[in-house]
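Coordinates from query.cif are shown below (mmCIF, C-alpha atoms).
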data_target
#
loop_
_atom_site.label_atom_id
_atom_site.label_comp_id
_atom_site.auth_asym_id
_atom_site.auth_seq_id
_atom_site.Cartn_x
_atom_site.Cartn_y
_atom_site.Cartn_z
CA MET A 159 -7.73 0.30 39.60
CA ILE A 160 -4.94 2.64 38.60
CA ASP A 161 -2.32 1.03 36.38
CA SER A 162 1.13 1.21 37.93
CA VAL A 163 3.01 -0.39 35.04
CA PRO A 164 5.76 2.06 34.08
CA ALA A 165 6.13 3.19 30.51
CA ARG A 166 9.32 1.93 28.90
CA HIS A 167 9.73 3.73 25.63
CA GLY A 168 13.20 5.24 25.59
CA TRP A 169 15.85 5.34 22.91
CA PRO A 170 16.72 1.62 23.02
CA GLN A 171 13.08 0.68 22.44
CA ALA A 172 12.83 3.23 19.61
CA LEU A 173 16.00 1.88 18.00
CA GLY A 174 14.67 -1.67 18.21
CA ALA A 175 11.36 -0.70 16.60
CA VAL A 176 13.02 1.17 13.73
CA LEU A 177 15.63 -1.51 13.05
CA ALA A 178 12.96 -4.22 13.09
CA GLY A 179 10.86 -2.27 10.60
CA VAL A 180 13.75 -1.56 8.23
CA PHE A 181 14.99 -5.14 8.44
CA ALA A 182 11.53 -6.57 7.73
CA MET A 183 11.02 -4.27 4.75
CA GLY A 184 14.47 -5.04 3.36
CA LEU A 185 13.92 -8.76 3.81
CA VAL A 186 10.58 -8.76 2.00
CA ALA A 187 11.93 -6.51 -0.78
CA GLY A 188 15.09 -8.60 -1.16
CA LEU A 189 13.27 -11.92 -1.36
CA GLY A 190 10.74 -10.47 -3.80
CA LEU A 191 13.43 -9.03 -6.03
CA LEU A 192 15.38 -12.29 -5.78
CA ALA A 193 12.32 -14.17 -7.06
CA ALA A 194 11.89 -11.54 -9.78
CA GLY A 195 15.44 -12.16 -11.04
CA ALA A 196 17.02 -8.91 -9.87
CA THR A 197 20.23 -10.72 -8.96
CA ASP A 198 21.00 -10.81 -12.70
CA LEU A 199 21.33 -7.03 -12.83
CA PRO A 200 24.86 -5.94 -13.85
CA GLY A 201 27.45 -4.24 -11.69
CA GLY A 202 26.37 -5.63 -8.34
CA ALA A 203 23.23 -3.53 -8.36
CA PHE A 204 21.10 -5.83 -6.20
CA PRO A 205 21.71 -4.10 -2.82
CA SER A 206 21.01 -0.70 -4.38
CA VAL A 207 17.77 -1.94 -5.93
CA VAL A 208 16.67 -3.38 -2.56
CA ALA A 209 17.37 -0.03 -0.91
CA ALA A 210 15.47 1.76 -3.66
CA SER A 211 12.51 -0.58 -3.16
CA VAL A 212 12.36 0.24 0.54
CA VAL A 213 12.64 3.96 -0.21
CA THR A 214 9.80 3.87 -2.73
CA ALA A 215 7.72 1.72 -0.37
CA VAL A 216 7.45 4.63 2.07
CA GLY A 217 6.70 7.15 -0.66
CA GLY A 218 10.26 8.23 -1.33
CA THR A 219 11.32 9.45 -4.74
CA VAL A 220 13.64 7.47 -6.98
CA GLU A 221 14.69 9.47 -10.02
CA LEU A 222 15.57 7.62 -13.22
CA SER A 223 18.02 9.16 -15.68
CA GLY A 224 19.60 8.12 -18.94
CA ALA A 225 22.54 9.11 -21.11
CA ALA A 226 23.86 7.79 -24.40
CA GLY A 227 26.20 10.38 -25.77
CA ALA A 228 25.47 13.05 -28.38
CA LEU A 229 24.10 10.59 -30.95
CA ALA A 230 21.49 8.99 -28.78
CA GLY A 231 18.96 9.86 -26.13
CA SER A 232 16.99 8.11 -23.43
CA ARG A 233 14.23 8.99 -21.04
CA ALA A 234 12.76 7.12 -18.12
CA GLY A 235 10.38 7.66 -15.24
CA MET A 236 8.59 5.58 -12.62
CA THR A 237 5.85 6.03 -10.04
CA VAL A 238 4.96 2.78 -8.33
CA LEU A 239 4.90 1.54 -4.73
CA PRO A 240 5.75 -2.06 -3.79
CA LEU A 241 2.87 -2.21 -1.34
CA SER A 242 3.81 -5.60 0.12
CA VAL A 243 6.96 -3.92 1.43
CA THR A 244 4.96 -0.89 2.57
CA LEU A 245 2.46 -3.02 4.45
CA THR A 246 5.20 -5.05 6.14
CA GLY A 247 6.93 -1.93 7.40
CA ALA A 248 3.68 -0.38 8.63
CA LEU A 249 2.73 -3.49 10.61
CA VAL A 250 6.15 -3.98 12.21
CA ILE A 251 6.78 -0.33 13.09
CA GLY A 252 3.20 0.11 14.29
CA ALA A 253 3.56 -2.89 16.58
CA GLY A 254 6.88 -1.55 17.87
CA PHE A 255 5.27 1.81 18.58
CA LEU A 256 2.40 0.26 20.55
CA ARG A 257 4.35 -2.37 22.47
CA PRO A 258 5.73 -0.12 25.25
CA LEU A 259 2.28 1.45 25.66
CA ARG A 260 0.38 -1.75 26.33
CA HIS A 261 -1.45 -2.24 29.64
CA ARG A 262 -2.27 1.45 29.64
CA ALA A 263 -5.65 3.14 29.18
CA VAL A 264 -4.57 6.77 29.14
CA ALA A 265 -1.36 8.51 28.12
CA GLY A 266 -0.61 12.20 28.04
CA ALA A 267 -0.18 14.03 24.74
CA VAL A 268 3.35 15.09 25.75
CA GLU A 269 4.30 11.48 26.52
CA LEU A 270 2.98 10.18 23.18
CA ALA A 271 4.64 13.02 21.29
CA GLY A 272 7.99 12.34 22.94
CA TRP A 273 7.83 8.63 22.14
CA ALA A 274 6.88 9.37 18.53
CA ALA A 275 9.67 11.95 18.24
CA ARG A 276 12.31 9.40 19.26
CA LEU A 277 11.04 6.99 16.64
CA ALA A 278 10.96 9.75 14.03
CA ALA A 279 14.55 10.85 14.68
CA LEU A 280 15.93 7.32 14.30
CA TRP A 281 13.65 6.63 11.33
CA LEU A 282 15.02 9.67 9.49
CA LEU A 283 18.59 8.46 10.05
CA ALA A 284 17.72 5.01 8.71
CA LEU A 285 15.90 6.50 5.73
CA LEU A 286 18.84 8.78 4.98
CA GLY A 287 21.16 5.78 4.82
CA LEU A 288 18.76 3.92 2.53
CA ALA A 289 18.35 6.95 0.26
CA LEU A 290 22.10 7.35 -0.13
CA ALA A 291 22.49 3.63 -0.88
CA ALA A 292 19.73 3.64 -3.50
CA ARG A 293 21.70 4.73 -6.54
CA HIS A 294 23.22 2.84 -9.44
CA THR A 295 23.86 3.05 -13.19
CA PHE A 296 23.18 0.32 -15.79
CA ARG A 297 24.46 -0.10 -19.30
CA ILE A 298 21.81 -1.19 -21.79
CA PRO A 299 23.11 -3.57 -24.49
CA LEU A 300 21.55 -3.06 -27.90
CA GLY A 301 22.39 -6.52 -29.20
CA ASP A 302 24.32 -7.67 -32.26
CA GLY A 303 22.13 -6.02 -34.91
CA THR A 304 22.41 -2.71 -36.72
CA LEU A 305 21.70 -0.62 -33.64
CA GLY A 306 24.41 -2.42 -31.69
CA ASP A 307 26.97 -1.86 -34.48
CA LEU A 308 26.09 1.84 -34.74
CA ALA A 309 26.32 2.28 -30.98
CA ASP A 310 29.76 0.65 -30.90
CA LEU A 311 30.91 2.73 -33.86
CA PHE A 312 29.92 6.06 -32.39
CA GLY A 313 30.37 5.20 -28.71
CA ALA A 314 26.68 5.70 -27.95
CA THR A 315 25.95 2.77 -25.64
CA PRO A 316 22.99 3.99 -23.55
CA GLU A 317 23.01 4.04 -19.78
CA VAL A 318 20.14 4.25 -17.34
CA GLY A 319 20.64 5.01 -13.68
CA PHE A 320 18.61 5.84 -10.61
CA THR A 321 19.19 8.09 -7.66
CA THR A 322 17.02 9.43 -4.87
CA ASP A 323 15.80 12.91 -4.13
CA VAL A 324 17.06 12.82 -0.55
CA PRO A 325 15.25 15.89 0.93
CA LEU A 326 11.92 14.92 -0.62
CA THR A 327 12.37 11.30 0.41
CA LEU A 328 13.01 12.30 4.03
CA ALA A 329 9.99 14.62 4.07
CA VAL A 330 7.60 12.08 2.56
CA GLY A 331 9.04 9.28 4.68
CA LEU A 332 8.39 11.30 7.83
CA VAL A 333 4.77 11.87 6.75
CA TRP A 334 4.46 8.12 6.10
CA LEU A 335 5.73 7.34 9.61
CA ALA A 336 3.32 9.85 11.16
CA GLY A 337 0.46 8.21 9.32
CA VAL A 338 1.49 4.75 10.51
CA LEU A 339 1.75 5.86 14.15
CA LEU A 340 -1.58 7.70 14.05
CA LEU A 341 -3.32 4.74 12.44
CA ALA A 342 -1.82 2.41 15.07
CA LEU A 343 -3.33 4.55 17.83
CA LEU A 344 -6.70 4.65 16.09
CA VAL A 345 -6.90 0.93 15.37
CA SER A 346 -5.62 -0.69 18.55
CA ARG A 347 -8.22 -1.10 21.28
CA GLY A 348 -5.51 -1.30 23.95
CA ALA A 349 -3.56 1.77 22.83
CA PRO A 350 -3.72 4.65 25.33
CA LEU A 351 -5.06 8.03 24.33
CA PRO A 352 -4.95 11.44 25.99
CA GLY A 353 -7.86 11.90 28.37
CA ARG A 354 -9.38 14.73 26.31
CA VAL A 355 -9.95 12.53 23.25
CA LEU A 356 -11.13 9.34 24.96
CA ARG A 357 -14.71 9.84 23.79
CA ALA A 358 -13.63 10.22 20.17
CA ARG A 359 -12.57 6.59 20.12
CA GLU A 360 -16.24 5.52 20.36
CA SER A 361 -16.81 6.55 16.76
CA VAL A 362 -13.30 6.56 15.26
CA ARG A 363 -11.71 3.36 16.52
CA PRO A 364 -14.40 0.85 15.45
CA VAL A 365 -14.51 2.02 11.83
CA SER A 366 -10.71 2.44 11.64
CA TYR A 367 -10.25 -1.12 12.85
CA ALA A 368 -12.89 -2.39 10.40
CA MET A 369 -11.18 -0.72 7.44
CA VAL A 370 -7.78 -2.16 8.36
CA VAL A 371 -9.35 -5.61 8.75
CA LEU A 372 -11.01 -5.22 5.34
CA LEU A 373 -7.78 -4.30 3.56
CA LEU A 374 -5.76 -7.01 5.30
CA ALA A 375 -8.45 -9.58 4.55
CA TRP A 376 -8.21 -8.79 0.84
CA VAL A 377 -4.44 -9.23 0.94
CA ALA A 378 -4.89 -12.58 2.71
CA LEU A 379 -7.43 -13.57 0.07
CA GLY A 380 -4.88 -12.75 -2.60
CA VAL A 381 -2.23 -14.87 -0.90
CA LEU A 382 -4.64 -17.82 -0.80
CA ALA A 383 -5.42 -17.32 -4.49
CA ALA A 384 -1.68 -17.22 -5.23
CA LEU A 385 -1.21 -20.54 -3.42
CA GLY A 386 -4.00 -21.96 -5.55
CA VAL A 387 -2.22 -20.78 -8.70
CA VAL A 388 1.00 -22.43 -7.56
CA VAL A 389 -0.79 -25.73 -6.91
CA ALA A 390 -2.80 -25.66 -10.13
CA LYS A 391 -0.41 -24.10 -12.64
CA GLY A 392 3.05 -23.87 -11.08
CA HIS A 393 4.82 -20.54 -11.73
CA ARG A 394 6.18 -20.64 -8.21
CA VAL A 395 8.97 -18.09 -8.63
CA GLU A 396 6.79 -15.53 -10.43
CA THR A 397 4.00 -15.96 -7.88
CA VAL A 398 6.38 -15.46 -4.95
CA ALA A 399 7.65 -12.26 -6.56
CA VAL A 400 4.09 -10.93 -6.88
CA VAL A 401 3.20 -11.85 -3.29
CA LEU A 402 6.32 -10.25 -1.80
CA LEU A 403 6.28 -7.09 -3.89
CA GLY A 404 2.81 -6.25 -5.13
CA MET A 405 0.00 -8.35 -3.68
CA PRO A 406 -1.77 -5.35 -2.07
CA ASN A 407 -1.43 -3.46 -5.38
CA LEU A 408 -3.37 -6.23 -7.10
CA MET A 409 -5.96 -7.00 -4.44
CA TRP A 410 -6.81 -3.43 -3.45
CA LEU A 411 -7.22 -2.61 -7.13
CA ALA A 412 -9.63 -5.56 -7.37
CA LEU A 413 -11.51 -4.29 -4.31
CA THR A 414 -12.14 -0.88 -5.86
CA ILE A 415 -13.12 -2.40 -9.21
CA GLY A 416 -15.59 -4.65 -7.38
CA LEU A 417 -17.08 -1.51 -5.81
CA GLY A 418 -17.73 -0.21 -9.31
CA ALA A 419 -14.81 2.20 -9.50
CA THR A 420 -13.21 2.89 -12.86
CA TRP A 421 -9.51 3.05 -13.66
CA GLU A 422 -7.77 4.21 -16.83
CA GLY A 423 -4.62 2.61 -18.11
CA ARG A 424 -2.40 1.49 -20.92
CA VAL A 425 0.40 -1.02 -21.39
CA GLN A 426 2.80 -0.67 -24.30
CA GLY A 427 6.12 -2.26 -25.13
CA PRO A 428 7.91 -4.87 -23.02
CA PHE A 429 6.21 -3.96 -19.76
CA GLY A 430 4.04 -6.66 -18.27
CA LEU A 431 1.66 -6.66 -15.34
CA PRO A 432 1.97 -9.10 -12.43
CA MET A 433 -1.78 -9.58 -12.69
CA PRO A 434 -4.30 -11.91 -14.38
CA LYS A 435 -4.03 -12.18 -18.12
CA VAL A 436 -7.46 -10.64 -18.63
CA LEU A 437 -6.27 -7.40 -17.04
CA ASP A 438 -3.24 -7.19 -19.29
CA GLU A 439 -5.49 -7.78 -22.32
CA VAL A 440 -7.78 -4.91 -21.36
CA LEU A 441 -4.90 -2.47 -20.89
CA ARG A 442 -2.69 -3.48 -23.83
CA THR A 443 -4.26 -1.15 -26.38
CA PRO A 444 -2.87 1.78 -28.44
CA ASP A 445 -5.12 4.28 -26.66
CA LEU A 446 -6.08 4.83 -23.05
CA SER A 447 -8.30 1.95 -21.90
CA THR A 448 -11.15 1.92 -19.40
CA LEU A 449 -10.73 -0.66 -16.67
CA ASP A 450 -13.91 -1.60 -14.82
CA LEU A 451 -16.12 -4.60 -14.10
CA SER A 452 -17.86 -4.57 -17.48
CA ALA A 453 -14.60 -4.31 -19.45
CA LEU A 454 -13.12 -7.26 -17.55
CA ALA A 455 -16.35 -9.31 -17.70
CA ALA A 456 -16.48 -8.88 -21.47
CA ARG A 457 -13.40 -11.13 -21.59
CA ASP A 458 -14.21 -13.38 -18.63
CA GLY A 459 -17.74 -13.57 -17.26
CA ARG A 460 -16.52 -14.91 -13.91
CA VAL A 461 -15.33 -11.40 -13.05
CA TRP A 462 -18.89 -10.50 -12.03
CA TRP A 463 -18.39 -12.63 -8.91
CA LEU A 464 -15.94 -9.97 -7.78
CA ALA A 465 -18.87 -7.68 -6.93
CA VAL A 466 -20.42 -10.43 -4.79
CA VAL A 467 -17.17 -10.98 -2.87
CA VAL A 468 -16.83 -7.23 -2.31
CA ALA A 469 -20.39 -6.98 -0.99
CA LEU A 470 -19.89 -9.86 1.45
CA SER A 471 -16.55 -8.52 2.67
CA LEU A 472 -18.00 -5.04 3.23
CA LEU A 473 -20.90 -6.45 5.21
CA ALA A 474 -18.48 -8.51 7.33
CA ALA A 475 -16.33 -5.41 7.96
CA ALA A 476 -19.45 -3.45 8.93
CA VAL A 477 -20.44 -6.16 11.42
CA VAL A 478 -16.96 -5.93 12.95
CA MET A 479 -17.41 -2.17 13.26
CA VAL A 480 -20.85 -2.51 14.87
CA ARG A 481 -19.64 -5.09 17.40
CA ARG A 482 -16.91 -2.69 18.54
CA SER A 483 -19.25 0.30 18.73
CA PRO A 484 -21.23 1.33 21.81
CA ALA A 485 -24.58 -0.40 22.19
CA GLY A 486 -27.56 1.72 21.25
CA THR A 487 -25.90 3.48 18.33
CA PRO A 488 -28.59 3.96 15.65
CA ALA A 489 -28.25 2.13 12.33
CA TRP A 490 -28.06 5.34 10.32
CA ARG A 491 -25.05 6.46 12.36
CA HIS A 492 -23.31 3.15 11.69
CA GLY A 493 -24.02 3.72 8.02
CA LEU A 494 -22.53 7.22 8.18
CA HIS A 495 -19.40 6.01 9.98
CA MET A 496 -18.91 3.20 7.48
CA ALA A 497 -19.44 5.57 4.54
CA VAL A 498 -16.77 7.96 5.77
CA GLY A 499 -14.36 5.15 6.62
CA LEU A 500 -14.72 3.35 3.29
CA THR A 501 -14.42 6.60 1.35
CA LEU A 502 -11.14 7.40 3.09
CA ALA A 503 -9.90 3.84 2.58
CA VAL A 504 -10.67 3.94 -1.16
CA ALA A 505 -8.99 7.36 -1.44
CA ALA A 506 -5.88 5.85 0.16
CA VAL A 507 -5.99 2.93 -2.30
CA PHE A 508 -6.30 5.36 -5.21
CA LEU A 509 -3.20 7.20 -4.01
CA LEU A 510 -1.16 4.09 -3.30
CA CYS A 511 -2.05 2.01 -6.36
CA ARG A 512 -1.46 4.63 -9.03
CA THR A 513 1.22 3.35 -11.39
CA GLU A 514 3.25 5.05 -14.09
CA ALA A 515 6.44 3.79 -15.71
CA ARG A 516 8.04 4.64 -19.01
CA TYR A 517 11.31 4.16 -20.82
CA GLY A 518 12.24 5.42 -24.25
CA LEU A 519 15.42 5.08 -26.33
CA SER A 520 16.48 6.67 -29.60
CA VAL A 521 19.78 6.01 -31.38
CA LEU A 522 20.61 8.13 -34.45
CA GLY A 523 16.94 8.93 -34.81
CA ILE A 524 15.96 5.25 -34.86
CA GLY A 525 13.35 4.62 -32.24
CA ASP A 526 11.08 6.92 -30.31
CA LEU A 527 11.59 8.33 -26.84
CA ALA A 528 7.90 7.76 -26.14
CA GLY A 529 7.77 4.25 -27.56
CA GLY A 530 9.57 2.35 -30.28
CA LEU A 531 12.52 0.90 -28.42
CA GLY A 532 10.88 1.66 -25.07
CA GLY A 533 7.59 1.07 -23.36
CA SER A 534 5.09 2.55 -20.95
CA LEU A 535 2.74 1.46 -18.20
CA LEU A 536 -0.03 3.68 -16.85
CA LEU A 537 -2.79 2.99 -14.31
CA ARG A 538 -4.80 5.77 -12.67
CA PRO A 539 -8.24 6.02 -11.03
CA ARG A 540 -11.25 8.16 -11.83
CA TRP A 541 -11.52 9.78 -8.45
CA TRP A 542 -14.96 11.26 -7.90
CA PRO A 543 -17.17 8.43 -9.23
CA GLY A 544 -15.10 5.94 -7.23
CA LEU A 545 -15.34 7.91 -3.99
CA ALA A 546 -19.09 8.43 -4.45
CA LEU A 547 -19.60 4.68 -4.92
CA ALA A 548 -17.48 3.96 -1.85
CA ALA A 549 -19.65 6.28 0.25
CA LEU A 550 -22.83 4.60 -1.05
CA TRP A 551 -21.55 1.06 -0.49
CA GLY A 552 -20.27 2.02 2.95
CA PHE A 553 -23.56 3.54 4.09
CA ILE A 554 -25.58 0.54 2.90
CA ALA A 555 -23.23 -1.97 4.56
CA GLY A 556 -23.08 -0.02 7.83
CA PHE A 557 -26.86 0.49 7.93
CA LEU A 558 -27.56 -3.20 7.29
CA ALA A 559 -25.06 -4.27 9.94
CA GLY A 560 -26.61 -1.80 12.37
CA CYS A 561 -30.04 -3.37 11.78
CA LEU A 562 -28.89 -6.79 12.96
CA PRO A 563 -30.27 -8.05 16.31
CA ARG A 564 -28.86 -6.39 19.40
CA THR A 565 -27.21 -9.65 20.50
CA SER A 566 -24.74 -9.29 17.61
CA ARG A 567 -23.26 -6.20 19.22
CA ARG A 568 -20.82 -6.00 22.10
CA PRO A 569 -20.97 -2.93 24.32
CA THR A 570 -17.80 -0.91 24.57
CA PRO A 571 -17.74 1.07 27.82
CA VAL A 572 -15.79 4.27 27.94
CA ALA A 573 -12.75 3.82 30.18
CA GLY A 574 -12.02 6.38 32.79
CA PRO A 575 -8.58 7.88 33.36
CA GLY A 576 -7.57 5.12 35.76
CA ALA A 577 -9.20 2.16 34.05
CA ARG A 578 -7.45 -0.64 32.26
CA PRO A 579 -8.33 -1.29 28.59
CA HIS A 580 -10.92 -3.89 27.78
CA PRO A 581 -9.18 -7.13 26.68
#

structure tokens encoding of this file:
Amino acid sequence: MIDSVPARHGWPQALGAVLAGVFAMGLVAGLGLLAAGATDLPGGAFPSVVAASVVTAVGGTVELSGAAGALAGSRAGMTVLPLSVTLTGALVIGAGFLRPLRHRAVAGAVELAGWAARLAALWLLALLGLALAARHTFRIPLGDGTLGDLADLFGATPEVGFTTDVPLTLAVGLVWLAGVLLLALLVSRGAPLPGRVLRARESVRPVSYAMVVLLLAWVALGVLAALGVVVAKGHRVETVAVVLLGMPNLMWLALTIGLGATWEGRVQGPFGLPMPKVLDEVLRTPDLSTLDLSALAARDGRVWWLAVVVALSLLAAAVVMVRRSPAGTPAWRHGLHMAVGLTLAVAAVFLLCRTEARYGLSVLGIGDLAGGLGGSLLLRPRWWPGLALAALWGFIAGFLAGCLPRTSRRPTPVAGPGARPHP
């Protein structure tokens, strides 16, 4: 039966989707920063910091700068994404993109492009406003000691501010939106596709959906663990801040470590990690530290259970993929699809979870711009071994799931141009 439901995806619907996404991201960022104590920042900086958090959440660039007169110097830099905010925006905007397209099996490429273009135009306007609002300057008090007296004497009170690189932020933000819309089309079973690519969904959609389910399941697992920490140990405010700002950062890092991937990192100075104490202990060394399962297990043997949880979650994701794939697909092909999907997912985690932050301060030669009165935080993956392990784990999980009895699979017929999507 041909679907006669008209498509309603004009400018009002686009405006509603964009505003809902921006509002949701701002709300999550604001509550997280509120729990983290950002309301104590001087000069009414809280709204600017919230805007900066939303900008960085979509890959935008926030530039840190410092000045302290001729007798002092400062340097700062930061590369970190608040992935809880990122995930919130992706889910809300993705849902807003798909909503007017529901009850459809097929949509023309021109129609989809026009709908996406309306969203993109309004998204760029919203992002421009956020980028212009994300700027502020802080004064850094040096206390009542010798450094404070010298700074007062010579007028060298240091300042640190942040601004946004507006053109780069708009460009990266547009790429982020395109990725969200494309992923929404790939994941949703009910989303319409152009007739020419209908067959591609047989192999792409099941594994895309399984990878999204895997990543979201790990975030949900982290939220449950956070609730357990609150019940057992308290720390409610700190835990809320972690959940609302960086829970995916923590849990997706744990997922890759459980796969056997290796990260390198270092923590120096006043920086702390919103992560388990054992992780901070591994990274708080003078030199670059290796972060993997064995390094963590050397301090807490329970970490080995992480590999077991990863294996079970991968097998469950593979079963989800197989159940959404056409019946009769050979096990080796399921393994290949899962290998490619997991490799791409881990590559995305590597890109998103990289972290680098530094701040240095020197007054009259006292202190060091690389350390001393400052600090640094670094976390980066070892790419190729991690991606190779992801491909291996993915193939094994997909192959095993494909070997399960046929009754565990659900056929997915290919819809014709006039068919309605399977519920």

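Residue nearest A:Ala210 within the list A:Val186, A:Ala289, A:Val243, A:Leu341: A:Ala289 [criterion: smallest interatomic distance, only C-alpha atoms].
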
Give me the residues within 9 Å of A:Val477 as a ChimeraX atom specification, counting only C-alpha atoms and dropping any in the same chain fewer than 3 places off.
/A:368,472-474,480-482,555-556,558-560,562,566-567

Just say which residues the PyMOL selection byres ((chain A and resi 278) around 12) picks in this file, as an MDAnalysis selection string.
chainID A and resid 169 172:173 175:176 251 255 271:277 279:285 328:329 331:339

Selection file, C-alpha atoms, as a PDB file, in the coordinates of the input:
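That gives us again_0.pdb:
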ATOM      1  CA  TRP A 169      15.850   5.340  22.910  1.00  0.00           C
ATOM      2  CA  ALA A 172      12.830   3.230  19.610  1.00  0.00           C
ATOM      3  CA  LEU A 173      16.000   1.880  18.000  1.00  0.00           C
ATOM      4  CA  ALA A 175      11.360  -0.700  16.600  1.00  0.00           C
ATOM      5  CA  VAL A 176      13.020   1.170  13.730  1.00  0.00           C
ATOM      6  CA  ILE A 251       6.780  -0.330  13.090  1.00  0.00           C
ATOM      7  CA  PHE A 255       5.270   1.810  18.580  1.00  0.00           C
ATOM      8  CA  ALA A 271       4.640  13.020  21.290  1.00  0.00           C
ATOM      9  CA  GLY A 272       7.990  12.340  22.940  1.00  0.00           C
ATOM     10  CA  TRP A 273       7.830   8.630  22.140  1.00  0.00           C
ATOM     11  CA  ALA A 274       6.880   9.370  18.530  1.00  0.00           C
ATOM     12  CA  ALA A 275       9.670  11.950  18.240  1.00  0.00           C
ATOM     13  CA  ARG A 276      12.310   9.400  19.260  1.00  0.00           C
ATOM     14  CA  LEU A 277      11.040   6.990  16.640  1.00  0.00           C
ATOM     15  CA  ALA A 279      14.550  10.850  14.680  1.00  0.00           C
ATOM     16  CA  LEU A 280      15.930   7.320  14.300  1.00  0.00           C
ATOM     17  CA  TRP A 281      13.650   6.630  11.330  1.00  0.00           C
ATOM     18  CA  LEU A 282      15.020   9.670   9.490  1.00  0.00           C
ATOM     19  CA  LEU A 283      18.590   8.460  10.050  1.00  0.00           C
ATOM     20  CA  ALA A 284      17.720   5.010   8.710  1.00  0.00           C
ATOM     21  CA  LEU A 285      15.900   6.500   5.730  1.00  0.00           C
ATOM     22  CA  LEU A 328      13.010  12.300   4.030  1.00  0.00           C
ATOM     23  CA  ALA A 329       9.990  14.620   4.070  1.00  0.00           C
ATOM     24  CA  GLY A 331       9.040   9.280   4.680  1.00  0.00           C
ATOM     25  CA  LEU A 332       8.390  11.300   7.830  1.00  0.00           C
ATOM     26  CA  VAL A 333       4.770  11.870   6.750  1.00  0.00           C
ATOM     27  CA  TRP A 334       4.460   8.120   6.100  1.00  0.00           C
ATOM     28  CA  LEU A 335       5.730   7.340   9.610  1.00  0.00           C
ATOM     29  CA  ALA A 336       3.320   9.850  11.160  1.00  0.00           C
ATOM     30  CA  GLY A 337       0.460   8.210   9.320  1.00  0.00           C
ATOM     31  CA  VAL A 338       1.490   4.750  10.510  1.00  0.00           C
ATOM     32  CA  LEU A 339       1.750   5.860  14.150  1.00  0.00           C
TER      33      LEU A 339
END

Mind pulling up the distance from atom CA of A:Leu550 to atom CA of A:Ala412?
17.8 Å

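For the pair atom CA of A:Ser447 and atom CA of A:Val425, the interatomic distance is 9.2 Å.
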
Which residue out of A:Gly348, A:Gly486, A:Gly254, A:Gly218 has the minimum interatomic distance to A:Thr327 when all atoms listed in the file are used?
A:Gly218

Kindly add N, CA and C atoms to the incomplete stretch 385-396 of chain A and provide the output as a tab-separated table (two decimals), in the frame of the given file.
chain	number	residue	atom	x	y	z
A	385	LEU	N	-1.54	-19.14	-3.73
A	385	LEU	CA	-1.21	-20.54	-3.42
A	385	LEU	C	-1.98	-21.49	-4.33
A	386	GLY	N	-3.23	-21.14	-4.62
A	386	GLY	CA	-4.00	-21.96	-5.55
A	386	GLY	C	-3.40	-21.97	-6.94
A	387	VAL	N	-2.88	-20.84	-7.38
A	387	VAL	CA	-2.22	-20.78	-8.70
A	387	VAL	C	-0.99	-21.65	-8.72
A	388	VAL	N	-0.22	-21.61	-7.62
A	388	VAL	CA	1.00	-22.43	-7.56
A	388	VAL	C	0.65	-23.91	-7.64
A	389	VAL	N	-0.39	-24.33	-6.91
A	389	VAL	CA	-0.79	-25.73	-6.91
A	389	VAL	C	-1.33	-26.16	-8.27
A	390	ALA	N	-2.12	-25.29	-8.89
A	390	ALA	CA	-2.80	-25.66	-10.13
A	390	ALA	C	-1.92	-25.49	-11.37
A	391	LYS	N	-1.12	-24.43	-11.40
A	391	LYS	CA	-0.41	-24.10	-12.64
A	391	LYS	C	1.10	-23.99	-12.47
A	392	GLY	N	1.61	-24.05	-11.27
A	392	GLY	CA	3.05	-23.87	-11.08
A	392	GLY	C	3.38	-22.39	-10.98
A	393	HIS	N	4.37	-21.95	-11.74
A	393	HIS	CA	4.82	-20.54	-11.73
A	393	HIS	C	5.19	-20.10	-10.32
A	394	ARG	N	5.90	-20.94	-9.60
A	394	ARG	CA	6.18	-20.64	-8.21
A	394	ARG	C	7.01	-19.38	-8.02
A	395	VAL	N	8.07	-19.24	-8.81
A	395	VAL	CA	8.97	-18.09	-8.63
A	395	VAL	C	8.24	-16.79	-8.93
A	396	GLU	N	7.51	-16.74	-10.07
A	396	GLU	CA	6.79	-15.53	-10.43
A	396	GLU	C	5.74	-15.18	-9.39
